[in-house]
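Next comes final_18.cif, with mmCIF, C-alpha atoms; chains and numbers go by the auth columns.
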data_upload
#
loop_
_atom_site.group_PDB
_atom_site.id
_atom_site.type_symbol
_atom_site.label_atom_id
_atom_site.label_comp_id
_atom_site.label_asym_id
_atom_site.label_seq_id
_atom_site.Cartn_x
_atom_site.Cartn_y
_atom_site.Cartn_z
_atom_site.B_iso_or_equiv
_atom_site.auth_seq_id
_atom_site.auth_asym_id
ATOM 1 C CA MET A 1 -39.729 -69.197 22.611 0.00 1 A
ATOM 2 C CA LYS A 2 -37.391 -70.994 20.191 0.00 2 A
ATOM 3 C CA ASN A 3 -39.809 -73.922 19.964 0.00 3 A
ATOM 4 C CA LEU A 4 -42.802 -71.769 19.022 0.00 4 A
ATOM 5 C CA ASP A 5 -43.732 -71.417 15.371 0.00 5 A
ATOM 6 C CA ALA A 6 -44.445 -67.915 14.182 0.00 6 A
ATOM 7 C CA PRO A 7 -48.064 -67.511 13.051 0.00 7 A
ATOM 8 C CA LYS A 8 -48.524 -67.388 9.308 0.00 8 A
ATOM 9 C CA VAL A 9 -49.312 -63.900 8.123 0.00 9 A
ATOM 10 C CA LYS A 10 -52.168 -63.985 5.671 0.00 10 A
ATOM 11 C CA LYS A 11 -51.348 -62.149 2.459 0.00 11 A
ATOM 12 C CA THR A 12 -54.105 -59.760 1.551 0.00 12 A
ATOM 13 C CA LEU A 13 -55.043 -59.494 -2.084 0.00 13 A
ATOM 14 C CA PRO A 14 -54.169 -56.134 -3.620 0.00 14 A
ATOM 15 C CA LYS A 15 -56.936 -53.700 -4.500 0.00 15 A
ATOM 16 C CA TYR A 16 -57.206 -52.945 -8.189 0.00 16 A
ATOM 17 C CA LEU A 17 -59.481 -51.510 -10.859 0.00 17 A
ATOM 18 C CA THR A 18 -61.366 -53.705 -13.284 0.00 18 A
ATOM 19 C CA LEU A 19 -60.897 -53.190 -17.016 0.00 19 A
ATOM 20 C CA GLU A 20 -64.126 -51.158 -17.203 0.00 20 A
ATOM 21 C CA GLU A 21 -63.161 -49.029 -14.197 0.00 21 A
ATOM 22 C CA SER A 22 -59.731 -48.377 -15.750 0.00 22 A
ATOM 23 C CA LYS A 23 -61.375 -47.186 -18.966 0.00 23 A
ATOM 24 C CA LYS A 24 -63.730 -44.988 -16.935 0.00 24 A
ATOM 25 C CA LEU A 25 -60.777 -43.427 -15.092 0.00 25 A
ATOM 26 C CA LEU A 26 -59.033 -42.578 -18.369 0.00 26 A
ATOM 27 C CA SER A 27 -62.246 -41.152 -19.830 0.00 27 A
ATOM 28 C CA VAL A 28 -62.737 -38.502 -17.109 0.00 28 A
ATOM 29 C CA VAL A 29 -59.337 -36.793 -17.493 0.00 29 A
ATOM 30 C CA ASP A 30 -59.699 -33.128 -18.463 0.00 30 A
ATOM 31 C CA GLY A 31 -58.491 -29.663 -17.486 0.00 31 A
ATOM 32 C CA LYS A 32 -55.440 -27.599 -18.383 0.00 32 A
ATOM 33 C CA ASN A 33 -53.051 -30.544 -17.808 0.00 33 A
ATOM 34 C CA LYS A 34 -55.264 -33.054 -19.626 0.00 34 A
ATOM 35 C CA GLU A 35 -52.558 -34.427 -21.960 0.00 35 A
ATOM 36 C CA ARG A 36 -49.987 -34.740 -19.177 0.00 36 A
ATOM 37 C CA ASP A 37 -52.399 -36.370 -16.729 0.00 37 A
ATOM 38 C CA PHE A 38 -53.755 -38.758 -19.371 0.00 38 A
ATOM 39 C CA ALA A 39 -50.189 -39.807 -20.279 0.00 39 A
ATOM 40 C CA ILE A 40 -49.337 -40.383 -16.600 0.00 40 A
ATOM 41 C CA LEU A 41 -52.441 -42.536 -15.999 0.00 41 A
ATOM 42 C CA THR A 42 -51.836 -44.431 -19.243 0.00 42 A
ATOM 43 C CA LEU A 43 -48.274 -45.277 -18.200 0.00 43 A
ATOM 44 C CA PHE A 44 -49.389 -46.397 -14.735 0.00 44 A
ATOM 45 C CA LEU A 45 -52.178 -48.599 -16.113 0.00 45 A
ATOM 46 C CA ASN A 46 -50.135 -50.107 -18.949 0.00 46 A
ATOM 47 C CA CYS A 47 -46.621 -50.422 -17.546 0.00 47 A
ATOM 48 C CA GLY A 48 -47.234 -51.007 -13.849 0.00 48 A
ATOM 49 C CA MET A 49 -44.503 -48.632 -12.758 0.00 49 A
ATOM 50 C CA ARG A 50 -44.005 -47.241 -9.282 0.00 50 A
ATOM 51 C CA LEU A 51 -44.672 -43.572 -8.473 0.00 51 A
ATOM 52 C CA SER A 52 -40.955 -42.921 -7.886 0.00 52 A
ATOM 53 C CA GLU A 53 -40.169 -44.486 -11.272 0.00 53 A
ATOM 54 C CA LEU A 54 -42.704 -42.336 -13.094 0.00 54 A
ATOM 55 C CA VAL A 55 -41.588 -38.993 -11.655 0.00 55 A
ATOM 56 C CA SER A 56 -37.931 -39.784 -12.392 0.00 56 A
ATOM 57 C CA ILE A 57 -38.483 -40.391 -16.145 0.00 57 A
ATOM 58 C CA ASN A 58 -36.545 -38.069 -18.435 0.00 58 A
ATOM 59 C CA TYR A 59 -37.730 -37.618 -22.008 0.00 59 A
ATOM 60 C CA ASN A 60 -34.424 -39.050 -23.279 0.00 60 A
ATOM 61 C CA ASP A 61 -35.201 -42.307 -21.403 0.00 61 A
ATOM 62 C CA ILE A 62 -37.685 -43.035 -24.200 0.00 62 A
ATOM 63 C CA ARG A 63 -35.915 -44.808 -27.044 0.00 63 A
ATOM 64 C CA SER A 64 -36.753 -44.669 -30.732 0.00 64 A
ATOM 65 C CA ASP A 65 -37.535 -48.415 -30.674 0.00 65 A
ATOM 66 C CA GLY A 66 -40.566 -47.791 -28.410 0.00 66 A
ATOM 67 C CA THR A 67 -38.879 -48.768 -25.156 0.00 67 A
ATOM 68 C CA LEU A 68 -38.494 -46.861 -21.922 0.00 68 A
ATOM 69 C CA VAL A 69 -35.604 -47.249 -19.489 0.00 69 A
ATOM 70 C CA ILE A 70 -36.901 -47.101 -15.928 0.00 70 A
ATOM 71 C CA THR A 71 -34.747 -46.689 -12.835 0.00 71 A
ATOM 72 C CA GLY A 72 -36.361 -48.779 -10.124 0.00 72 A
ATOM 73 C CA LYS A 73 -35.620 -49.673 -6.511 0.00 73 A
ATOM 74 C CA GLY A 74 -31.940 -49.770 -5.654 0.00 74 A
ATOM 75 C CA ASN A 75 -31.125 -47.769 -8.814 0.00 75 A
ATOM 76 C CA LYS A 76 -31.705 -50.911 -10.894 0.00 76 A
ATOM 77 C CA GLU A 77 -32.539 -50.170 -14.501 0.00 77 A
ATOM 78 C CA ARG A 78 -35.045 -52.146 -16.512 0.00 78 A
ATOM 79 C CA THR A 79 -36.451 -51.698 -19.975 0.00 79 A
ATOM 80 C CA VAL A 80 -40.204 -51.524 -20.485 0.00 80 A
ATOM 81 C CA TYR A 81 -41.806 -51.787 -23.914 0.00 81 A
ATOM 82 C CA LEU A 82 -44.348 -49.055 -24.555 0.00 82 A
ATOM 83 C CA ASN A 83 -47.547 -50.191 -26.238 0.00 83 A
ATOM 84 C CA GLN A 84 -49.400 -48.007 -28.751 0.00 84 A
ATOM 85 C CA ALA A 85 -51.608 -46.407 -26.078 0.00 85 A
ATOM 86 C CA CYS A 86 -48.507 -45.231 -24.180 0.00 86 A
ATOM 87 C CA ILE A 87 -46.752 -43.982 -27.324 0.00 87 A
ATOM 88 C CA ASP A 88 -49.873 -42.081 -28.444 0.00 88 A
ATOM 89 C CA ALA A 89 -50.392 -40.516 -24.991 0.00 89 A
ATOM 90 C CA ILE A 90 -46.750 -39.430 -24.681 0.00 90 A
ATOM 91 C CA THR A 91 -46.729 -38.072 -28.246 0.00 91 A
ATOM 92 C CA ALA A 92 -49.881 -36.003 -27.566 0.00 92 A
ATOM 93 C CA TYR A 93 -48.324 -34.671 -24.350 0.00 93 A
ATOM 94 C CA MET A 94 -44.960 -33.835 -25.974 0.00 94 A
ATOM 95 C CA LYS A 95 -46.795 -31.692 -28.565 0.00 95 A
ATOM 96 C CA ILE A 96 -48.000 -29.332 -25.816 0.00 96 A
ATOM 97 C CA ARG A 97 -45.166 -29.778 -23.281 0.00 97 A
ATOM 98 C CA PRO A 98 -43.391 -26.434 -22.828 0.00 98 A
ATOM 99 C CA ASN A 99 -39.785 -26.547 -24.019 0.00 99 A
ATOM 100 C CA ASP A 100 -38.505 -22.966 -24.112 0.00 100 A
ATOM 101 C CA LYS A 101 -38.915 -22.305 -20.365 0.00 101 A
ATOM 102 C CA VAL A 102 -37.602 -25.692 -19.249 0.00 102 A
ATOM 103 C CA LYS A 103 -34.057 -26.555 -18.249 0.00 103 A
ATOM 104 C CA ASP A 104 -35.023 -29.915 -16.749 0.00 104 A
ATOM 105 C CA ARG A 105 -35.039 -33.071 -18.883 0.00 105 A
ATOM 106 C CA ALA A 106 -37.969 -34.413 -16.845 0.00 106 A
ATOM 107 C CA LEU A 107 -40.706 -35.903 -18.999 0.00 107 A
ATOM 108 C CA PHE A 108 -43.535 -34.747 -16.751 0.00 108 A
ATOM 109 C CA LEU A 109 -43.505 -31.139 -15.596 0.00 109 A
ATOM 110 C CA SER A 110 -45.322 -29.202 -12.902 0.00 110 A
ATOM 111 C CA SER A 111 -47.044 -25.880 -13.544 0.00 111 A
ATOM 112 C CA ARG A 112 -43.747 -24.242 -12.474 0.00 112 A
ATOM 113 C CA TYR A 113 -41.910 -26.037 -15.329 0.00 113 A
ATOM 114 C CA THR A 114 -39.950 -28.260 -12.969 0.00 114 A
ATOM 115 C CA ARG A 115 -40.035 -32.031 -12.500 0.00 115 A
ATOM 116 C CA ILE A 116 -43.480 -33.071 -11.289 0.00 116 A
ATOM 117 C CA SER A 117 -43.598 -34.049 -7.613 0.00 117 A
ATOM 118 C CA ARG A 118 -44.950 -37.279 -6.176 0.00 118 A
ATOM 119 C CA ARG A 119 -47.569 -35.299 -4.254 0.00 119 A
ATOM 120 C CA THR A 120 -48.848 -33.613 -7.433 0.00 120 A
ATOM 121 C CA VAL A 121 -49.227 -37.002 -9.125 0.00 121 A
ATOM 122 C CA GLN A 122 -50.964 -38.479 -6.064 0.00 122 A
ATOM 123 C CA ASP A 123 -53.396 -35.541 -5.903 0.00 123 A
ATOM 124 C CA MET A 124 -54.135 -35.812 -9.632 0.00 124 A
ATOM 125 C CA VAL A 125 -54.827 -39.559 -9.375 0.00 125 A
ATOM 126 C CA GLU A 126 -57.087 -39.111 -6.346 0.00 126 A
ATOM 127 C CA LYS A 127 -58.993 -36.277 -8.049 0.00 127 A
ATOM 128 C CA ASN A 128 -59.612 -38.365 -11.170 0.00 128 A
ATOM 129 C CA LEU A 129 -60.573 -41.475 -9.189 0.00 129 A
ATOM 130 C CA GLU A 130 -63.151 -39.321 -7.385 0.00 130 A
ATOM 131 C CA LYS A 131 -64.393 -37.863 -10.665 0.00 131 A
ATOM 132 C CA ALA A 132 -64.771 -41.376 -12.110 0.00 132 A
ATOM 133 C CA GLY A 133 -66.913 -42.400 -9.123 0.00 133 A
ATOM 134 C CA LEU A 134 -64.149 -44.651 -7.780 0.00 134 A
ATOM 135 C CA GLY A 135 -63.261 -42.651 -4.659 0.00 135 A
ATOM 136 C CA GLY A 136 -63.597 -43.942 -1.105 0.00 136 A
ATOM 137 C CA ARG A 137 -62.370 -47.452 -1.924 0.00 137 A
ATOM 138 C CA GLY A 138 -58.827 -47.073 -0.676 0.00 138 A
ATOM 139 C CA LEU A 139 -57.475 -46.784 -4.209 0.00 139 A
ATOM 140 C CA SER A 140 -54.219 -44.913 -4.801 0.00 140 A
ATOM 141 C CA VAL A 141 -51.342 -44.479 -7.236 0.00 141 A
ATOM 142 C CA HIS A 142 -49.860 -47.791 -6.069 0.00 142 A
ATOM 143 C CA LYS A 143 -53.181 -49.526 -6.739 0.00 143 A
ATOM 144 C CA LEU A 144 -52.799 -48.513 -10.407 0.00 144 A
ATOM 145 C CA ARG A 145 -49.619 -50.616 -10.421 0.00 145 A
ATOM 146 C CA HIS A 146 -51.662 -53.529 -9.050 0.00 146 A
ATOM 147 C CA THR A 147 -54.272 -52.837 -11.714 0.00 147 A
ATOM 148 C CA ALA A 148 -51.725 -53.023 -14.547 0.00 148 A
ATOM 149 C CA ALA A 149 -50.327 -56.303 -13.223 0.00 149 A
ATOM 150 C CA THR A 150 -53.786 -57.783 -12.687 0.00 150 A
ATOM 151 C CA LEU A 151 -55.061 -56.787 -16.139 0.00 151 A
ATOM 152 C CA MET A 152 -51.950 -58.208 -17.824 0.00 152 A
ATOM 153 C CA TYR A 153 -52.304 -61.438 -15.878 0.00 153 A
ATOM 154 C CA GLN A 154 -56.085 -61.811 -16.314 0.00 154 A
ATOM 155 C CA HIS A 155 -56.593 -60.555 -19.859 0.00 155 A
ATOM 156 C CA GLY A 156 -53.195 -60.919 -21.478 0.00 156 A
ATOM 157 C CA ASN A 157 -52.306 -64.421 -20.319 0.00 157 A
ATOM 158 C CA VAL A 158 -48.946 -63.004 -19.241 0.00 158 A
ATOM 159 C CA ASP A 159 -46.633 -65.537 -17.629 0.00 159 A
ATOM 160 C CA VAL A 160 -45.810 -64.740 -13.985 0.00 160 A
ATOM 161 C CA LEU A 161 -42.051 -64.656 -14.777 0.00 161 A
ATOM 162 C CA VAL A 162 -42.624 -62.047 -17.502 0.00 162 A
ATOM 163 C CA LEU A 163 -44.819 -60.085 -15.078 0.00 163 A
ATOM 164 C CA LYS A 164 -41.993 -60.200 -12.504 0.00 164 A
ATOM 165 C CA GLU A 165 -39.654 -58.672 -15.101 0.00 165 A
ATOM 166 C CA ILE A 166 -42.136 -55.946 -16.120 0.00 166 A
ATOM 167 C CA LEU A 167 -42.808 -54.925 -12.514 0.00 167 A
ATOM 168 C CA GLY A 168 -39.144 -55.045 -11.531 0.00 168 A
ATOM 169 C CA HIS A 169 -39.743 -57.397 -8.604 0.00 169 A
ATOM 170 C CA GLU A 170 -36.698 -58.899 -6.907 0.00 170 A
ATOM 171 C CA ASN A 171 -38.519 -62.071 -5.808 0.00 171 A
ATOM 172 C CA LEU A 172 -41.071 -64.183 -7.639 0.00 172 A
ATOM 173 C CA GLY A 173 -43.040 -64.491 -4.383 0.00 173 A
ATOM 174 C CA THR A 174 -43.896 -60.785 -4.606 0.00 174 A
ATOM 175 C CA THR A 175 -45.317 -61.253 -8.099 0.00 175 A
ATOM 176 C CA GLU A 176 -47.200 -64.457 -7.288 0.00 176 A
ATOM 177 C CA ILE A 177 -49.895 -62.529 -5.399 0.00 177 A
ATOM 178 C CA TYR A 178 -51.402 -61.696 -8.808 0.00 178 A
ATOM 179 C CA THR A 179 -51.887 -65.390 -9.534 0.00 179 A
ATOM 180 C CA HIS A 180 -54.368 -65.618 -6.648 0.00 180 A
ATOM 181 C CA ILE A 181 -56.565 -62.720 -7.670 0.00 181 A
ATOM 182 C CA GLN A 182 -58.921 -64.241 -10.195 0.00 182 A
ATOM 183 C CA SER A 183 -61.032 -67.014 -8.718 0.00 183 A
ATOM 184 C CA ASP A 184 -62.996 -67.067 -12.017 0.00 184 A
ATOM 185 C CA ALA A 185 -59.829 -68.142 -13.819 0.00 185 A
ATOM 186 C CA THR A 186 -59.367 -70.973 -11.329 0.00 186 A
ATOM 187 C CA LYS A 187 -62.989 -72.045 -11.789 0.00 187 A
ATOM 188 C CA LYS A 188 -62.611 -71.972 -15.597 0.00 188 A
ATOM 189 C CA ALA A 189 -59.436 -74.056 -15.359 0.00 189 A
ATOM 190 C CA ILE A 190 -61.191 -76.696 -13.223 0.00 190 A
ATOM 191 C CA ASP A 191 -64.256 -76.637 -15.519 0.00 191 A
ATOM 192 C CA SER A 192 -62.039 -77.120 -18.579 0.00 192 A
ATOM 193 C CA ASN A 193 -60.778 -80.447 -17.264 0.00 193 A
ATOM 194 C CA PRO A 194 -62.060 -83.121 -19.695 0.00 194 A
ATOM 195 C CA LEU A 195 -63.326 -85.116 -16.712 0.00 195 A
ATOM 196 C CA ALA A 196 -65.474 -82.202 -15.534 0.00 196 A
ATOM 197 C CA ASN A 197 -68.531 -83.667 -17.239 0.00 197 A
#
Now that the file is in, can you turn its structure into structure tokens?
Amino acid sequence: MKNLDAPKVKKTLPKYLTLEESKKLLSVVDGKNKERDFAILTLFLNCGMRLSELVSINYNDIRSDGTLVITGKGNKERTVYLNQACIDAITAYMKIRPNDKVKDRALFLSSRYTRISRRTVQDMVEKNLEKAGLGGRGLSVHKLRHTAATLMYQHGNVDVLVLKEILGHENLGTTEIYTHIQSDATKKAIDSNPLAN
């Protein structure tokens, strides 16, 4: 057995939403928790945070300089810069977030004025994916993290090392999966070679 090589496990590419599908998802958010749900989806799609990271955010984790301190895996803290879409969504939510009945410092609250649960967030995401016509594709909260990473890599020309930092990955190998997603980008790179013609 010692002489046998282990078979290589093929890495599957993560499922993700396109830019247009992401916009569609954000556009269908409504209901009594519209501001909260929109802010949650905006943070997922822009910051690429994990579900556990999102539900653990306290409002005092948001700094006046537009940054957010996230506690990730292994209680490791990292700072994420909030873009204007995130700041606007959080500001709109904070205007209607109940304060008088709340003892918790949690940013996102349930209907019982306690910290929102993972299950509530998962249900909300699934409901809105369905409403946007994106249900039945195996998409989930975690796929929104993949979407954020993919969109940053494809449309923002974000370096893979910066992406590793944003996502809070321990190893670069985990982040490198996003470099294999866009075959169009590879084709464009080959076509841009001056010897292509």
- Task: With a distance cut-off of 10 Å and all atoms listed in the file, select the neighbouring residues of range 17-30 of chain A, excluding the residue or stretch itself and same-chain residues fewer than 5 positions from it, and output the selection as an MDAnalysis selection string.
- Result: chainID A and resid 35:39 41:42 45 124:125 127:134 139 143:148 150:151 154:155
Exercise for the section: Starting from the displayed file, determine the output of the PyMOL selection byres ((chain A and resi 90) around 12) and express the residue list as a ChimeraX atom specification. Expected result: /A:34-43,57,59,62,66,68,82-89,91-97,107-108
Practice item. Would you mind reading off the distance between CA of Ser111 in chain A and CA of Glu126 in chain A, one decimal, in Å? Key: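 Interatomic distance here is 18.1 Å.
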CA of Asp65 in chain A and CA of Thr114 in chain A are how many Å apart?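 Those two atoms sit 26.9 Å apart.
Shortest atom-to-atom contact with Pro98 in chain A among A:Gly48, A:His142, A:Gln122, A:Asn33: A:Asn33, counting all atoms listed in the file.
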The distance between CA of Thr120 in chain A and CA of Tyr81 in chain A is 25.5 Å
List the residues selected by the PyMOL selection byres ((chain A and resi 51) around 8) in the file shown, writing them as a PyMOL selection string.
chain A and resi 49-50+52-55+118+141-142
For Arg63 in chain A, the closest of A:Ser117, A:Asn99, A:Thr79, A:Tyr16 counting all atoms listed in the file is A:Thr79
Taking into account all atoms listed in the file, which residue in the set A:Asp191, A:Asp61, A:Asp123, A:Asp5 is nearest to Arg105 in chain A?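 Result for the nearest residue to Arg105 in chain A: A:Asp61.
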The residue from A:Ser56, A:Ser140, A:Ser64, A:Gly74 with the smallest atom-to-atom distance to Ile116 in chain A, counting all atoms listed in the file, is A:Ser56
